[in-house]
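Accompanying notes for the structure given below.
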Amino acid sequence: MKLRDWDYSENALNAEHQKLGLPPLERAVENIALADASSRTIKVAVWLATASLLLLCGYALVLLFDNGVHAAKAMLSEALHSPVFWSALAVGLLAQVVDGALGMAYGITSTSFLMASGVSPAVASASVHVAEVFTTGVSGISHAKFGNVNKKLFLKLLLPGMTGVILGAYILTSIDGAAIKPFIAAYLLCMGLYILSKVFKKVVAAKKEPKHIAKLALFGGFVDATGGGGWGPVVTTTLVGTGQDPRTTIGTVNFAEFFLTLVSAITFTALVGFGPWMVVAGLVIGGLFAAPFAAYLCSKFQTKTLLILVGSLISVVSIFNLYKALT
């Protein structure tokens, strides 16, 4: 059983947690946090994530300058004058602010808006997952460095989650986009309503470790690939909803998400191609720009307010997508 050191002091965050039925804040148990952070497994995972990001950045530069400096300048100029690029940048900015506040919903928010603009489910999911590699990589490495990653939970989530995203990507790209679009929109609507339900759900602190983690990770990875997002809402909310420590749960799920997203992006690229490069570039730049400021911006809102805003936003956009798909 995981040792916990609950902070029952009276403060604004604990008062808000009490209203929402969430467990109180947890004091850092230094020996446990340091043990997880310094473990060989987590260190290897951090190095793999860092190396992957550096290789991807190098590959992106090679693609940009493949036809020479003049061609690269022309591509950059085209992007800066394209409404598509700026729209994707705005979506990436908004999605990262949402994700920075709640530890979830980057993929769902991005996919919902891309589908609303007429992009097919497969291309939308591919674009989002390629862009998400960078944001989840930076986020996951940061969580590992701060000791927010539980090695045992990380290993239980990793392989089943990767299997789920591969299966989801294969199924999504094997079905006609127009036929599956209503189902994806309905799924996103359910996720929006599920986020809204967190406002009213009462949670008690867990005394035992959660069961069926592998099955949860498999399902979370599958719906993440087919819906362009959902790993966080499915896995994080389920684990925290059963009373697990929010800090280590969010950190571990986010770090595992990088490897899932990397596998998903490779699978989608092999099956449907890279996707519109302007969309991917806009999502990446918007997300990276928002990352340092997301916590500050969202600190102005209460958790309950953010849940209502995000759940309502995703639900409304998904209803619009569902209406477009059925008419």
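A note on labels: chains of the structure tokens are A, B, ... as shown, every chain counts residues from 1, and ligands are counted from 1 in their shown order.
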
Helix (DSSP H, G or I) residues, from DSSP on the backbone, in segment 140-269 of chain A, as a PyMOL selection string: chain A and resi 140-145+151-174+177-197+213-227+231-241+246-269

Who sits within 8 Å of Ser318 of chain A, only C-alpha atoms, same chain under 5 positions skipped, as a ChimeraX atom specification: /A:112,185-186,188-189

Can I get the selection written as a PDB file, in the first residue's frame, with C-alpha atoms?
ATOM      1  CA  SER A 112     -12.761  18.774 -31.926  1.00  0.00           C
ATOM      2  CA  ALA A 185     -18.081  13.287 -32.572  1.00  0.00           C
ATOM      3  CA  ALA A 186     -20.391  11.340 -30.247  1.00  0.00           C
ATOM      4  CA  LEU A 188     -15.964  13.510 -27.926  1.00  0.00           C
ATOM      5  CA  LEU A 189     -19.371  14.708 -26.703  1.00  0.00           C
TER       6      LEU A 189
END

Sorted by chain and rising residue number, list the residues of segment 246-287 of chain A at most 10 Å from segment 77-97 of chain A (counting only C-alpha atoms), each with its closest atom pair and distance in Å to one decimal, as JSON lines.
{"residue": "A:Pro276", "atom": "CA", "partner": "A:Val84", "partner_atom": "CA", "distance": 9.6}
{"residue": "A:Trp277", "atom": "CA", "partner": "A:Phe85", "partner_atom": "CA", "distance": 8.9}
{"residue": "A:Met278", "atom": "CA", "partner": "A:Phe85", "partner_atom": "CA", "distance": 5.2}
{"residue": "A:Val279", "atom": "CA", "partner": "A:Ala88", "partner_atom": "CA", "distance": 5.3}
{"residue": "A:Val280", "atom": "CA", "partner": "A:Ala88", "partner_atom": "CA", "distance": 7.6}
{"residue": "A:Ala281", "atom": "CA", "partner": "A:Phe85", "partner_atom": "CA", "distance": 7.3}
{"residue": "A:Gly282", "atom": "CA", "partner": "A:Leu89", "partner_atom": "CA", "distance": 4.0}
{"residue": "A:Leu283", "atom": "CA", "partner": "A:Gly92", "partner_atom": "CA", "distance": 4.2}
{"residue": "A:Val284", "atom": "CA", "partner": "A:Gly92", "partner_atom": "CA", "distance": 6.7}
{"residue": "A:Ile285", "atom": "CA", "partner": "A:Leu89", "partner_atom": "CA", "distance": 6.4}
{"residue": "A:Gly286", "atom": "CA", "partner": "A:Leu93", "partner_atom": "CA", "distance": 4.3}
{"residue": "A:Gly287", "atom": "CA", "partner": "A:Gly92", "partner_atom": "CA", "distance": 4.7}

Output file for the selection above: N, CA and C atoms, as a PDB file, in the first residue's frame:
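Okay, this is what ended up in again-v3.pdb:
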ATOM      1  N   PRO A 276      -1.239  17.629 -42.932  1.00  0.00           N
ATOM      2  CA  PRO A 276      -0.915  18.988 -43.380  1.00  0.00           C
ATOM      3  C   PRO A 276       0.160  19.609 -42.490  1.00  0.00           C
ATOM      4  N   TRP A 277       1.324  19.933 -43.077  1.00  0.00           N
ATOM      5  CA  TRP A 277       2.441  20.385 -42.260  1.00  0.00           C
ATOM      6  C   TRP A 277       2.159  21.719 -41.579  1.00  0.00           C
ATOM      7  N   MET A 278       1.346  22.568 -42.224  1.00  0.00           N
ATOM      8  CA  MET A 278       1.005  23.848 -41.594  1.00  0.00           C
ATOM      9  C   MET A 278       0.177  23.646 -40.324  1.00  0.00           C
ATOM     10  N   VAL A 279      -0.726  22.678 -40.380  1.00  0.00           N
ATOM     11  CA  VAL A 279      -1.554  22.385 -39.209  1.00  0.00           C
ATOM     12  C   VAL A 279      -0.681  21.864 -38.070  1.00  0.00           C
ATOM     13  N   VAL A 280       0.209  20.920 -38.400  1.00  0.00           N
ATOM     14  CA  VAL A 280       1.091  20.340 -37.383  1.00  0.00           C
ATOM     15  C   VAL A 280       2.001  21.414 -36.785  1.00  0.00           C
ATOM     16  N   ALA A 281       2.597  22.247 -37.667  1.00  0.00           N
ATOM     17  CA  ALA A 281       3.495  23.309 -37.196  1.00  0.00           C
ATOM     18  C   ALA A 281       2.751  24.297 -36.301  1.00  0.00           C
ATOM     19  N   GLY A 282       1.541  24.660 -36.686  1.00  0.00           N
ATOM     20  CA  GLY A 282       0.756  25.586 -35.878  1.00  0.00           C
ATOM     21  C   GLY A 282       0.420  25.024 -34.514  1.00  0.00           C
ATOM     22  N   LEU A 283       0.023  23.744 -34.477  1.00  0.00           N
ATOM     23  CA  LEU A 283      -0.294  23.105 -33.202  1.00  0.00           C
ATOM     24  C   LEU A 283       0.929  23.034 -32.291  1.00  0.00           C
ATOM     25  N   VAL A 284       2.088  22.692 -32.891  1.00  0.00           N
ATOM     26  CA  VAL A 284       3.316  22.571 -32.096  1.00  0.00           C
ATOM     27  C   VAL A 284       3.725  23.925 -31.520  1.00  0.00           C
ATOM     28  N   ILE A 285       3.798  24.942 -32.375  1.00  0.00           N
ATOM     29  CA  ILE A 285       4.251  26.263 -31.922  1.00  0.00           C
ATOM     30  C   ILE A 285       3.274  26.848 -30.909  1.00  0.00           C
ATOM     31  N   GLY A 286       1.981  26.724 -31.183  1.00  0.00           N
ATOM     32  CA  GLY A 286       0.989  27.227 -30.237  1.00  0.00           C
ATOM     33  C   GLY A 286       1.081  26.536 -28.893  1.00  0.00           C
ATOM     34  N   GLY A 287       1.255  25.202 -28.916  1.00  0.00           N
ATOM     35  CA  GLY A 287       1.350  24.449 -27.681  1.00  0.00           C
ATOM     36  C   GLY A 287       2.602  24.774 -26.889  1.00  0.00           C
TER      37      GLY A 287
END

Exercise: Trp47 of chain A partners within 12 Å, only C-alpha atoms, chain neighbours under 3 positions left out, as an MDAnalysis selection string: chainID A and resid 40:44 50:54 137 140:141 144:145

Counting only C-alpha atoms, the residue of A:Pro121, A:Leu262, A:Ala325, A:Thr305 that sits nearest Leu48 of chain A: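 Closest candidate: A:Leu262.
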
One-decimal distance in Å that lies between atom CA of Thr238 of chain A and atom CA of Lys156 of chain A: 14.8 Å
